[in-house]
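Colleague: Right, I'll just put the structure down here and ask away after.
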Amino acid sequence: VKGVIFNILEDAVTRAHGAATWDALLDAAGSDGAYSSLGNYPDSEIEALVGAAADALAITPEEVLRWFGTAAIPLLAERYAAFFDVQQGTVGFLESLNGMIHPEVRKLYPGAVCPHFGFGVEPDGTVRMIYRSPRRMCALAEGFIAGAAAHYGEEVALEHPTCMHRGDGACTFRVRTRRAALRCESQAA
Ligand code: HEM
C-alpha cells in the first residue's frame with residue numbers, strides 16, 4: 001500500500017481524535033509511523049493499524065475502513081481538488097475513477113495498485129459498480145462512496161448485494177443518489 005494512504009489515515013485520525021490517538025494506534029500496531037508518500041508498505045501494516053483501531057473502538061475492521069473512507073474524502077478533496085471540481089455529482093465522480101482518478105494516481109505514485117471497477121446502469125437509473133481486488137477493501141469503497149455523496153450534497157442509497165467477504169467472486173454496489181432535500185423544501189408544504 002502506498003505511503004500516501006497512511007499519510008491520509010494519519011491526517012483523518014488526528015483531525016477526528018487527536019495526535020495521541022494516532023500514536024497509540026502506531027504503538028498497538030507495532031509501527032514507527034515513518035511513512036513517505038511515495039514509499040510502498042506491506043498490506044499487513046494497514047491491516048495492523050485498522051485492526052488496532054477496531055480493537056480500541058470495539059468495532060469491526062470493516063467499520064473502521066468505512067469510517068476512514070468517508071473521513072478521507074474531504075482530505076482528498078483538498079489534495080486533489082481537480083478530480084472533484086470537474087464533476088457535477090457523485091455518479092460522475094465515481095464514473096471517472098477508472099478513466100481519470102486512479103490512472104492519474106498510478107502516474108503520481110508509481111507502484112500503486114488501484115482497483116478497476118465495472119460499471120453498469122439499471123433500467124431505473126441505479127448505478128451498479130463491480131469491485132474485485134485481492135485486498136478485499138470493499139468497506140473502504142463504501143466509505144468513499146458515502147463521502148463523495150456528502151461532498152456533492154447528495155443523499156445516497158447504497159446496497160452491497162454480493163460481497164467477496166461472503167464468498168462471492170466480486171462485490172457489487174448499487175448506488176442511487178438524489179440531491180439532499182433542502183430545509184425550505186420540507187417546510188414548504
Ligand atoms: C480523489 C480520489 C481518490 C484518490 C486520490 C485515490 C487514490 C488511491 C490510492 C493512492 C490508493 C492506494 C493504491 C496502493 O496503495 O497501491 C487507492 C486504493 C483504493 N481506491 Fe482509490 N482513490 C480515490 C477515490 C476512490 C473512490 C471514490 C473509490 C471507490 C468508490 C476508491 C476505491 C479504492 C479502493 C477500494 C482501494 C483499495 C485498493 C484495492 O482495492 O486493491 N478510490 N486509491
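For the C-alpha cells, the naming scheme is as follows: chains receive sequential letters (A, B, ...) according to their order of presentation, residues are indexed from 1 within each chain, and ligands are indexed from 1 in presentation order.
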Residues up to 8 Å from ligand 1, counting only C-alpha atoms and all ligand atoms: could you list those as a PDB file with N, CA, C and O atoms, in the first residue's frame?

Modeller:
ATOM      1  N   VAL A   1       0.867  -1.199   0.000  1.00  0.00           N
ATOM      2  CA  VAL A   1       0.000   0.000   0.000  1.00  0.00           C
ATOM      3  C   VAL A   1       0.898   1.242   0.000  1.00  0.00           C
ATOM      4  O   VAL A   1       1.901   1.286   0.733  1.00  0.00           O
ATOM      5  N   LYS A   2       0.497   2.223  -0.836  1.00  0.00           N
ATOM      6  CA  LYS A   2       1.311   3.432  -0.919  1.00  0.00           C
ATOM      7  C   LYS A   2       1.286   4.225   0.385  1.00  0.00           C
ATOM      8  O   LYS A   2       0.262   4.314   1.060  1.00  0.00           O
ATOM      9  N   GLY A   3       2.444   4.850   0.679  1.00  0.00           N
ATOM     10  CA  GLY A   3       2.554   5.637   1.891  1.00  0.00           C
ATOM     11  C   GLY A   3       1.520   6.741   1.989  1.00  0.00           C
ATOM     12  O   GLY A   3       1.082   7.107   3.086  1.00  0.00           O
ATOM     13  N   VAL A   4       1.087   7.275   0.819  1.00  0.00           N
ATOM     14  CA  VAL A   4       0.129   8.387   0.861  1.00  0.00           C
ATOM     15  C   VAL A   4      -1.165   7.971   1.575  1.00  0.00           C
ATOM     16  O   VAL A   4      -1.807   8.792   2.244  1.00  0.00           O
ATOM     17  N   ILE A   5      -1.524   6.686   1.470  1.00  0.00           N
ATOM     18  CA  ILE A   5      -2.729   6.210   2.165  1.00  0.00           C
ATOM     19  C   ILE A   5      -2.518   6.302   3.685  1.00  0.00           C
ATOM     20  O   ILE A   5      -3.417   6.718   4.428  1.00  0.00           O
ATOM     21  N   ASN A  40       6.343   2.233  -0.527  1.00  0.00           N
ATOM     22  CA  ASN A  40       5.408   1.111  -0.611  1.00  0.00           C
ATOM     23  C   ASN A  40       5.537   0.287   0.649  1.00  0.00           C
ATOM     24  O   ASN A  40       6.652  -0.061   1.037  1.00  0.00           O
ATOM     25  N   ILE A  73     -12.496  11.514   2.258  1.00  0.00           N
ATOM     26  CA  ILE A  73     -12.922  12.289   1.079  1.00  0.00           C
ATOM     27  C   ILE A  73     -12.663  13.795   1.227  1.00  0.00           C
ATOM     28  O   ILE A  73     -12.100  14.410   0.311  1.00  0.00           O
ATOM     29  N   LEU A  76      -9.044  14.231   0.593  1.00  0.00           N
ATOM     30  CA  LEU A  76      -8.722  14.036  -0.825  1.00  0.00           C
ATOM     31  C   LEU A  76      -9.196  15.233  -1.644  1.00  0.00           C
ATOM     32  O   LEU A  76      -8.528  15.649  -2.591  1.00  0.00           O
ATOM     33  N   ALA A  77     -10.334  15.801  -1.251  1.00  0.00           N
ATOM     34  CA  ALA A  77     -10.871  16.945  -1.994  1.00  0.00           C
ATOM     35  C   ALA A  77      -9.980  18.173  -1.829  1.00  0.00           C
ATOM     36  O   ALA A  77      -9.968  19.060  -2.684  1.00  0.00           O
ATOM     37  N   ARG A  79      -6.515  17.789  -1.349  1.00  0.00           N
ATOM     38  CA  ARG A  79      -5.268  17.463  -2.049  1.00  0.00           C
ATOM     39  C   ARG A  79      -5.443  17.369  -3.547  1.00  0.00           C
ATOM     40  O   ARG A  79      -4.516  17.643  -4.302  1.00  0.00           O
ATOM     41  N   TYR A  80      -6.610  16.863  -3.984  1.00  0.00           N
ATOM     42  CA  TYR A  80      -6.826  16.585  -5.407  1.00  0.00           C
ATOM     43  C   TYR A  80      -8.115  17.259  -5.863  1.00  0.00           C
ATOM     44  O   TYR A  80      -9.012  16.616  -6.399  1.00  0.00           O
ATOM     45  N   ALA A  81      -8.199  18.578  -5.642  1.00  0.00           N
ATOM     46  CA  ALA A  81      -9.443  19.306  -5.908  1.00  0.00           C
ATOM     47  C   ALA A  81      -9.919  19.124  -7.349  1.00  0.00           C
ATOM     48  O   ALA A  81     -11.115  19.037  -7.606  1.00  0.00           O
ATOM     49  N   PHE A  83      -9.980  16.633  -9.361  1.00  0.00           N
ATOM     50  CA  PHE A  83     -10.793  15.437  -9.617  1.00  0.00           C
ATOM     51  C   PHE A  83     -12.248  15.659  -9.220  1.00  0.00           C
ATOM     52  O   PHE A  83     -13.162  15.062  -9.784  1.00  0.00           O
ATOM     53  N   PHE A  84     -12.454  16.481  -8.203  1.00  0.00           N
ATOM     54  CA  PHE A  84     -13.806  16.712  -7.702  1.00  0.00           C
ATOM     55  C   PHE A  84     -14.490  17.832  -8.474  1.00  0.00           C
ATOM     56  O   PHE A  84     -15.666  17.757  -8.791  1.00  0.00           O
ATOM     57  N   PHE A  93     -18.491  11.502 -10.582  1.00  0.00           N
ATOM     58  CA  PHE A  93     -17.209  11.343  -9.881  1.00  0.00           C
ATOM     59  C   PHE A  93     -16.802   9.868  -9.854  1.00  0.00           C
ATOM     60  O   PHE A  93     -15.665   9.515 -10.201  1.00  0.00           O
ATOM     61  N   LEU A  94     -17.740   8.993  -9.479  1.00  0.00           N
ATOM     62  CA  LEU A  94     -17.421   7.561  -9.420  1.00  0.00           C
ATOM     63  C   LEU A  94     -17.067   7.036 -10.808  1.00  0.00           C
ATOM     64  O   LEU A  94     -16.137   6.232 -10.958  1.00  0.00           O
ATOM     65  N   LEU A  97     -13.463   7.307 -11.946  1.00  0.00           N
ATOM     66  CA  LEU A  97     -12.402   6.569 -11.246  1.00  0.00           C
ATOM     67  C   LEU A  97     -11.494   5.808 -12.206  1.00  0.00           C
ATOM     68  O   LEU A  97     -10.269   5.905 -12.139  1.00  0.00           O
ATOM     69  N   ILE A 101      -9.199   9.202 -12.322  1.00  0.00           N
ATOM     70  CA  ILE A 101      -8.601   9.347 -10.995  1.00  0.00           C
ATOM     71  C   ILE A 101      -7.516   8.300 -10.746  1.00  0.00           C
ATOM     72  O   ILE A 101      -6.354   8.644 -10.492  1.00  0.00           O
ATOM     73  N   HIS A 102      -7.878   7.042 -10.796  1.00  0.00           N
ATOM     74  CA  HIS A 102      -6.877   6.031 -10.476  1.00  0.00           C
ATOM     75  C   HIS A 102      -5.713   5.967 -11.488  1.00  0.00           C
ATOM     76  O   HIS A 102      -4.577   5.782 -11.060  1.00  0.00           O
ATOM     77  N   VAL A 105      -3.467   8.613 -10.330  1.00  0.00           N
ATOM     78  CA  VAL A 105      -2.835   8.171  -9.084  1.00  0.00           C
ATOM     79  C   VAL A 105      -1.652   7.241  -9.404  1.00  0.00           C
ATOM     80  O   VAL A 105      -0.587   7.338  -8.801  1.00  0.00           O
ATOM     81  N   ARG A 106      -1.834   6.366 -10.402  1.00  0.00           N
ATOM     82  CA  ARG A 106      -0.745   5.446 -10.765  1.00  0.00           C
ATOM     83  C   ARG A 106       0.453   6.209 -11.305  1.00  0.00           C
ATOM     84  O   ARG A 106       1.592   5.794 -11.124  1.00  0.00           O
ATOM     85  N   TYR A 109       2.027   8.073  -8.174  1.00  0.00           N
ATOM     86  CA  TYR A 109       2.601   7.161  -7.178  1.00  0.00           C
ATOM     87  C   TYR A 109       2.939   5.840  -7.847  1.00  0.00           C
ATOM     88  O   TYR A 109       2.168   4.881  -7.786  1.00  0.00           O
ATOM     89  N   GLY A 111       3.843   2.259  -8.757  1.00  0.00           N
ATOM     90  CA  GLY A 111       3.700   1.068  -7.927  1.00  0.00           C
ATOM     91  C   GLY A 111       2.356   0.981  -7.244  1.00  0.00           C
ATOM     92  O   GLY A 111       2.044  -0.040  -6.635  1.00  0.00           O
ATOM     93  N   ALA A 112       1.530   2.029  -7.347  1.00  0.00           N
ATOM     94  CA  ALA A 112       0.189   1.977  -6.754  1.00  0.00           C
ATOM     95  C   ALA A 112      -0.649   0.937  -7.480  1.00  0.00           C
ATOM     96  O   ALA A 112      -0.604   0.842  -8.710  1.00  0.00           O
ATOM     97  N   VAL A 113      -1.365   0.129  -6.716  1.00  0.00           N
ATOM     98  CA  VAL A 113      -2.244  -0.879  -7.306  1.00  0.00           C
ATOM     99  C   VAL A 113      -3.677  -0.485  -6.965  1.00  0.00           C
ATOM    100  O   VAL A 113      -4.176  -0.779  -5.891  1.00  0.00           O
ATOM    101  N   CYS A 114      -4.293   0.256  -7.891  1.00  0.00           N
ATOM    102  CA  CYS A 114      -5.638   0.761  -7.646  1.00  0.00           C
ATOM    103  C   CYS A 114      -6.647  -0.140  -8.337  1.00  0.00           C
ATOM    104  O   CYS A 114      -6.380  -0.655  -9.412  1.00  0.00           O
ATOM    105  N   PRO A 115      -7.804  -0.317  -7.728  1.00  0.00           N
ATOM    106  CA  PRO A 115      -8.789  -1.214  -8.331  1.00  0.00           C
ATOM    107  C   PRO A 115      -9.436  -0.600  -9.569  1.00  0.00           C
ATOM    108  O   PRO A 115      -9.532   0.613  -9.699  1.00  0.00           O
ATOM    109  N   TYR A 131     -16.640  -4.557  -7.940  1.00  0.00           N
ATOM    110  CA  TYR A 131     -15.303  -4.390  -7.353  1.00  0.00           C
ATOM    111  C   TYR A 131     -14.684  -5.758  -7.106  1.00  0.00           C
ATOM    112  O   TYR A 131     -15.322  -6.634  -6.538  1.00  0.00           O
ATOM    113  N   ARG A 132     -13.440  -5.888  -7.547  1.00  0.00           N
ATOM    114  CA  ARG A 132     -12.696  -7.124  -7.367  1.00  0.00           C
ATOM    115  C   ARG A 132     -11.264  -6.745  -7.019  1.00  0.00           C
ATOM    116  O   ARG A 132     -10.653  -5.971  -7.752  1.00  0.00           O
ATOM    117  N   SER A 133     -10.738  -7.215  -5.913  1.00  0.00           N
ATOM    118  CA  SER A 133      -9.341  -6.976  -5.584  1.00  0.00           C
ATOM    119  C   SER A 133      -8.938  -7.971  -4.524  1.00  0.00           C
ATOM    120  O   SER A 133      -9.727  -8.274  -3.622  1.00  0.00           O
ATOM    121  N   PRO A 134      -7.713  -8.495  -4.636  1.00  0.00           N
ATOM    122  CA  PRO A 134      -7.252  -9.416  -3.595  1.00  0.00           C
ATOM    123  C   PRO A 134      -7.227  -8.754  -2.216  1.00  0.00           C
ATOM    124  O   PRO A 134      -7.257  -9.438  -1.199  1.00  0.00           O
ATOM    125  N   ARG A 135      -7.213  -7.414  -2.169  1.00  0.00           N
ATOM    126  CA  ARG A 135      -7.212  -6.736  -0.861  1.00  0.00           C
ATOM    127  C   ARG A 135      -8.597  -6.737  -0.211  1.00  0.00           C
ATOM    128  O   ARG A 135      -8.718  -6.474   0.981  1.00  0.00           O
ATOM    129  N   ARG A 136      -9.612  -6.964  -1.001  1.00  0.00           N
ATOM    130  CA  ARG A 136     -10.995  -7.062  -0.497  1.00  0.00           C
ATOM    131  C   ARG A 136     -11.357  -5.879   0.418  1.00  0.00           C
ATOM    132  O   ARG A 136     -11.865  -6.066   1.520  1.00  0.00           O
ATOM    133  N   MET A 137     -11.050  -4.655  -0.065  1.00  0.00           N
ATOM    134  CA  MET A 137     -11.314  -3.463   0.752  1.00  0.00           C
ATOM    135  C   MET A 137     -12.635  -2.813   0.339  1.00  0.00           C
ATOM    136  O   MET A 137     -12.729  -1.594   0.162  1.00  0.00           O
ATOM    137  N   CYS A 138     -13.680  -3.641   0.247  1.00  0.00           N
ATOM    138  CA  CYS A 138     -14.975  -3.103  -0.185  1.00  0.00           C
ATOM    139  C   CYS A 138     -15.532  -2.114   0.830  1.00  0.00           C
ATOM    140  O   CYS A 138     -16.251  -1.177   0.463  1.00  0.00           O
ATOM    141  N   ALA A 139     -15.205  -2.295   2.102  1.00  0.00           N
ATOM    142  CA  ALA A 139     -15.710  -1.357   3.114  1.00  0.00           C
ATOM    143  C   ALA A 139     -15.096   0.027   2.899  1.00  0.00           C
ATOM    144  O   ALA A 139     -15.751   1.050   3.139  1.00  0.00           O
ATOM    145  N   LEU A 140     -13.842   0.062   2.427  1.00  0.00           N
ATOM    146  CA  LEU A 140     -13.214   1.347   2.098  1.00  0.00           C
ATOM    147  C   LEU A 140     -13.967   2.005   0.941  1.00  0.00           C
ATOM    148  O   LEU A 140     -14.263   3.206   0.982  1.00  0.00           O
ATOM    149  N   ALA A 141     -14.296   1.199  -0.062  1.00  0.00           N
ATOM    150  CA  ALA A 141     -15.043   1.735  -1.205  1.00  0.00           C
ATOM    151  C   ALA A 141     -16.401   2.283  -0.749  1.00  0.00           C
ATOM    152  O   ALA A 141     -16.825   3.356  -1.187  1.00  0.00           O
ATOM    153  N   GLU A 142     -17.071   1.565   0.153  1.00  0.00           N
ATOM    154  CA  GLU A 142     -18.363   2.048   0.676  1.00  0.00           C
ATOM    155  C   GLU A 142     -18.195   3.417   1.329  1.00  0.00           C
ATOM    156  O   GLU A 142     -19.008   4.320   1.137  1.00  0.00           O
ATOM    157  N   GLY A 143     -17.132   3.545   2.120  1.00  0.00           N
ATOM    158  CA  GLY A 143     -16.886   4.821   2.788  1.00  0.00           C
ATOM    159  C   GLY A 143     -16.609   5.930   1.789  1.00  0.00           C
ATOM    160  O   GLY A 143     -17.109   7.054   1.935  1.00  0.00           O
ATOM    161  N   PHE A 144     -15.827   5.614   0.741  1.00  0.00           N
ATOM    162  CA  PHE A 144     -15.540   6.615  -0.296  1.00  0.00           C
ATOM    163  C   PHE A 144     -16.831   7.071  -0.976  1.00  0.00           C
ATOM    164  O   PHE A 144     -17.017   8.256  -1.261  1.00  0.00           O
ATOM    165  N   ILE A 145     -17.717   6.113  -1.251  1.00  0.00           N
ATOM    166  CA  ILE A 145     -18.967   6.454  -1.944  1.00  0.00           C
ATOM    167  C   ILE A 145     -19.813   7.361  -1.043  1.00  0.00           C
ATOM    168  O   ILE A 145     -20.343   8.391  -1.489  1.00  0.00           O
ATOM    169  N   ALA A 148     -18.183  10.778  -0.933  1.00  0.00           N
ATOM    170  CA  ALA A 148     -18.358  11.529  -2.182  1.00  0.00           C
ATOM    171  C   ALA A 148     -19.761  12.126  -2.236  1.00  0.00           C
ATOM    172  O   ALA A 148     -19.942  13.282  -2.626  1.00  0.00           O
TER     173      ALA A 148
END

Colleague: For Ala146 in chain A, find every residue with an atom within 12 Å (counting only C-alpha atoms), except residues of its own chain fewer than 5 positions away, and show them as a compact mmCIF listing (two decimals) with C-alpha atoms, in the first residue's frame.

Modeller:
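out-v2.txt, written as the output of this step:
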# COMPACT_ATOMS: atom_id res chain seq x y z
CA ARG A 66 -15.86 2.59 6.16
CA TRP A 67 -15.20 5.42 8.61
CA PHE A 68 -11.80 6.03 7.05
CA GLY A 69 -13.18 6.14 3.50
CA THR A 70 -15.81 8.69 4.49
CA ALA A 71 -13.36 10.79 6.51
CA ALA A 72 -10.75 10.62 3.73
CA ILE A 73 -12.92 12.29 1.08
CA PRO A 74 -12.70 15.87 2.45
CA THR A 90 -21.41 11.59 -7.07
CA VAL A 91 -22.16 9.35 -10.05
CA LEU A 94 -17.42 7.56 -9.42
CA ALA A 139 -15.71 -1.36 3.11
CA LEU A 140 -13.21 1.35 2.10
CA ALA A 141 -15.04 1.74 -1.20
CA HIS A 151 -19.13 16.17 -0.80
CA TYR A 152 -21.69 16.80 -3.58
CA GLY A 153 -24.55 17.43 -1.17
CA GLU A 154 -26.42 14.32 -2.26
CA GLU A 155 -28.25 11.60 -0.40
CA VAL A 156 -27.13 8.13 -1.36
CA ALA A 157 -28.82 4.75 -1.05
CA LEU A 158 -26.04 2.16 -1.18
CA GLU A 159 -26.56 -1.59 -1.37
CA PHE A 173 -22.56 -1.98 -5.20
CA VAL A 175 -25.78 3.28 -5.94
CA ARG A 176 -28.77 5.62 -6.13
CA THR A 177 -28.32 9.31 -5.44

Colleague: If you count only C-alpha atoms, which residues fall within 10 Å of range 17-21 of chain A, apart from same-chain ones fewer than 6 positions away, as a list in words?

Modeller: Glu10, Asp11, Asp27, Ala53 and Ala56 of chain A

Colleague: What does the file look like for those residues with N, CA and C atoms, as an mmCIF file, in the first residue's frame?

Modeller:
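Output file part-v6.cif is given in full below:
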data_model
loop_
_atom_site.group_PDB
_atom_site.id
_atom_site.type_symbol
_atom_site.label_atom_id
_atom_site.label_comp_id
_atom_site.auth_asym_id
_atom_site.auth_seq_id
_atom_site.Cartn_x
_atom_site.Cartn_y
_atom_site.Cartn_z
ATOM 1 N N GLU A 10 -3.371 9.003 8.846
ATOM 2 C CA GLU A 10 -2.866 9.771 9.994
ATOM 3 C C GLU A 10 -3.611 11.097 10.123
ATOM 4 N N ASP A 11 -3.789 11.762 8.980
ATOM 5 C CA ASP A 11 -4.475 13.046 8.963
ATOM 6 C C ASP A 11 -5.920 12.902 9.463
ATOM 7 N N ASP A 27 1.637 2.446 18.214
ATOM 8 C CA ASP A 27 2.184 1.551 19.243
ATOM 9 C C ASP A 27 1.508 0.194 19.175
ATOM 10 N N ALA A 53 -7.218 -0.081 15.548
ATOM 11 C CA ALA A 53 -8.323 0.872 15.710
ATOM 12 C C ALA A 53 -9.618 0.126 16.026
ATOM 13 N N ALA A 56 -9.488 -0.882 19.640
ATOM 14 C CA ALA A 56 -9.622 0.263 20.544
ATOM 15 C C ALA A 56 -11.068 0.753 20.615
#

Colleague: Could you give me the residues within chain A that DSSP places in alpha helix (DSSP H), as JSON, numbers by chain?

Modeller: {"A": [3, 4, 5, 6, 7, 8, 9, 10, 11, 12, 13, 14, 15, 16, 17, 19, 20, 21, 22, 23, 24, 25, 26, 27, 28, 29, 43, 44, 45, 46, 47, 48, 49, 50, 51, 52, 53, 54, 55, 56, 57, 61, 62, 63, 64, 65, 66, 67, 68, 69, 70, 71, 72, 73, 74, 75, 76, 77, 78, 79, 81, 82, 83, 84, 85, 90, 91, 92, 93, 94, 95, 96, 102, 103, 104, 105, 106, 107, 108, 138, 139, 140, 141, 142, 143, 144, 145, 146, 147, 148, 149, 150, 151, 183, 184, 185, 186, 187, 188]}

Colleague: Using DSSP on the backbone coordinates, identify all residues within chain A classified as strand (DSSP E or B); present the result as a ChimeraX atom specification.

Modeller: /A:2,40,118-121,127-131,154-162,171-179

Colleague: Let's have the selection written as an mmCIF file, in the first residue's frame, with N, CA, C and O atoms.

Modeller:
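Generated output (result.cif):
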data_model
loop_
_atom_site.group_PDB
_atom_site.id
_atom_site.type_symbol
_atom_site.label_atom_id
_atom_site.label_comp_id
_atom_site.auth_asym_id
_atom_site.auth_seq_id
_atom_site.Cartn_x
_atom_site.Cartn_y
_atom_site.Cartn_z
ATOM 1 N N LYS A 2 0.497 2.223 -0.836
ATOM 2 C CA LYS A 2 1.311 3.432 -0.919
ATOM 3 C C LYS A 2 1.286 4.225 0.385
ATOM 4 O O LYS A 2 0.262 4.314 1.060
ATOM 5 N N ASN A 40 6.343 2.233 -0.527
ATOM 6 C CA ASN A 40 5.408 1.111 -0.611
ATOM 7 C C ASN A 40 5.537 0.287 0.649
ATOM 8 O O ASN A 40 6.652 -0.061 1.037
ATOM 9 N N GLY A 118 -16.083 -2.309 -12.500
ATOM 10 C CA GLY A 118 -17.033 -2.498 -13.587
ATOM 11 C C GLY A 118 -18.218 -1.566 -13.354
ATOM 12 O O GLY A 118 -18.595 -1.336 -12.209
ATOM 13 N N PHE A 119 -18.777 -0.997 -14.429
ATOM 14 C CA PHE A 119 -19.916 -0.084 -14.282
ATOM 15 C C PHE A 119 -21.075 -0.517 -15.160
ATOM 16 O O PHE A 119 -20.873 -0.990 -16.279
ATOM 17 N N GLY A 120 -22.270 -0.351 -14.662
ATOM 18 C CA GLY A 120 -23.466 -0.575 -15.461
ATOM 19 C C GLY A 120 -24.584 0.281 -14.898
ATOM 20 O O GLY A 120 -24.505 0.727 -13.756
ATOM 21 N N VAL A 121 -25.605 0.519 -15.716
ATOM 22 C CA VAL A 121 -26.759 1.293 -15.242
ATOM 23 C C VAL A 121 -28.003 0.429 -15.393
ATOM 24 O O VAL A 121 -28.227 -0.159 -16.452
ATOM 25 N N VAL A 127 -27.007 2.946 -10.469
ATOM 26 C CA VAL A 127 -25.679 2.604 -10.981
ATOM 27 C C VAL A 127 -25.167 1.368 -10.256
ATOM 28 O O VAL A 127 -25.286 1.251 -9.034
ATOM 29 N N ARG A 128 -24.622 0.438 -11.030
ATOM 30 C CA ARG A 128 -24.106 -0.807 -10.484
ATOM 31 C C ARG A 128 -22.583 -0.786 -10.633
ATOM 32 O O ARG A 128 -22.080 -0.575 -11.743
ATOM 33 N N MET A 129 -21.852 -0.952 -9.568
ATOM 34 C CA MET A 129 -20.389 -0.997 -9.628
ATOM 35 C C MET A 129 -19.926 -2.377 -9.170
ATOM 36 O O MET A 129 -20.427 -2.895 -8.180
ATOM 37 N N ILE A 130 -18.970 -2.946 -9.918
ATOM 38 C CA ILE A 130 -18.403 -4.241 -9.550
ATOM 39 C C ILE A 130 -16.970 -4.011 -9.079
ATOM 40 O O ILE A 130 -16.197 -3.326 -9.758
ATOM 41 N N TYR A 131 -16.640 -4.557 -7.940
ATOM 42 C CA TYR A 131 -15.303 -4.390 -7.353
ATOM 43 C C TYR A 131 -14.684 -5.758 -7.106
ATOM 44 O O TYR A 131 -15.322 -6.634 -6.538
ATOM 45 N N GLU A 154 -25.386 15.250 -1.812
ATOM 46 C CA GLU A 154 -26.417 14.325 -2.264
ATOM 47 C C GLU A 154 -26.704 13.285 -1.188
ATOM 48 O O GLU A 154 -25.838 12.960 -0.379
ATOM 49 N N GLU A 155 -27.925 12.753 -1.236
ATOM 50 C CA GLU A 155 -28.252 11.599 -0.400
ATOM 51 C C GLU A 155 -27.977 10.358 -1.232
ATOM 52 O O GLU A 155 -28.255 10.345 -2.430
ATOM 53 N N VAL A 156 -27.435 9.339 -0.604
ATOM 54 C CA VAL A 156 -27.133 8.128 -1.361
ATOM 55 C C VAL A 156 -27.779 6.930 -0.685
ATOM 56 O O VAL A 156 -27.781 6.811 0.539
ATOM 57 N N ALA A 157 -28.373 6.062 -1.529
ATOM 58 C CA ALA A 157 -28.815 4.746 -1.046
ATOM 59 C C ALA A 157 -27.832 3.748 -1.621
ATOM 60 O O ALA A 157 -27.679 3.650 -2.844
ATOM 61 N N LEU A 158 -27.113 3.062 -0.751
ATOM 62 C CA LEU A 158 -26.045 2.164 -1.184
ATOM 63 C C LEU A 158 -26.369 0.750 -0.737
ATOM 64 O O LEU A 158 -26.614 0.505 0.440
ATOM 65 N N GLU A 159 -26.386 -0.170 -1.705
ATOM 66 C CA GLU A 159 -26.564 -1.593 -1.371
ATOM 67 C C GLU A 159 -25.332 -2.358 -1.821
ATOM 68 O O GLU A 159 -24.615 -1.932 -2.726
ATOM 69 N N HIS A 160 -25.114 -3.481 -1.186
ATOM 70 C CA HIS A 160 -23.887 -4.274 -1.411
ATOM 71 C C HIS A 160 -24.320 -5.746 -1.520
ATOM 72 O O HIS A 160 -24.008 -6.545 -0.638
ATOM 73 N N PRO A 161 -25.112 -6.059 -2.583
ATOM 74 C CA PRO A 161 -25.789 -7.358 -2.633
ATOM 75 C C PRO A 161 -24.865 -8.567 -2.781
ATOM 76 O O PRO A 161 -25.226 -9.643 -2.326
ATOM 77 N N THR A 162 -23.718 -8.434 -3.434
ATOM 78 C CA THR A 162 -22.749 -9.538 -3.412
ATOM 79 C C THR A 162 -21.459 -9.014 -2.803
ATOM 80 O O THR A 162 -21.132 -7.836 -2.951
ATOM 81 N N CYS A 171 -17.545 -8.015 -5.407
ATOM 82 C CA CYS A 171 -18.521 -7.202 -4.690
ATOM 83 C C CYS A 171 -19.327 -6.410 -5.708
ATOM 84 O O CYS A 171 -18.780 -5.908 -6.688
ATOM 85 N N THR A 172 -20.613 -6.298 -5.464
ATOM 86 C CA THR A 172 -21.481 -5.442 -6.280
ATOM 87 C C THR A 172 -22.012 -4.325 -5.390
ATOM 88 O O THR A 172 -22.462 -4.594 -4.275
ATOM 89 N N PHE A 173 -21.917 -3.103 -5.879
ATOM 90 C CA PHE A 173 -22.559 -1.975 -5.205
ATOM 91 C C PHE A 173 -23.676 -1.461 -6.096
ATOM 92 O O PHE A 173 -23.502 -1.341 -7.307
ATOM 93 N N ARG A 174 -24.833 -1.179 -5.490
ATOM 94 C CA ARG A 174 -25.911 -0.488 -6.203
ATOM 95 C C ARG A 174 -26.013 0.903 -5.590
ATOM 96 O O ARG A 174 -26.153 1.033 -4.371
ATOM 97 N N VAL A 175 -25.871 1.906 -6.417
ATOM 98 C CA VAL A 175 -25.776 3.283 -5.939
ATOM 99 C C VAL A 175 -26.906 4.123 -6.541
ATOM 100 O O VAL A 175 -27.022 4.205 -7.766
ATOM 101 N N ARG A 176 -27.730 4.693 -5.684
ATOM 102 C CA ARG A 176 -28.770 5.619 -6.132
ATOM 103 C C ARG A 176 -28.576 6.925 -5.393
ATOM 104 O O ARG A 176 -28.443 6.928 -4.160
ATOM 105 N N THR A 177 -28.537 8.019 -6.109
ATOM 106 C CA THR A 177 -28.324 9.312 -5.442
ATOM 107 C C THR A 177 -29.440 10.270 -5.791
ATOM 108 O O THR A 177 -30.094 10.136 -6.823
ATOM 109 N N ARG A 178 -29.656 11.205 -4.912
ATOM 110 C CA ARG A 178 -30.517 12.339 -5.232
ATOM 111 C C ARG A 178 -30.032 13.514 -4.399
ATOM 112 O O ARG A 178 -29.382 13.342 -3.368
ATOM 113 N N ARG A 179 -30.326 14.693 -4.909
ATOM 114 C CA ARG A 179 -29.940 15.910 -4.185
ATOM 115 C C ARG A 179 -30.528 15.859 -2.776
ATOM 116 O O ARG A 179 -31.701 15.526 -2.619
#
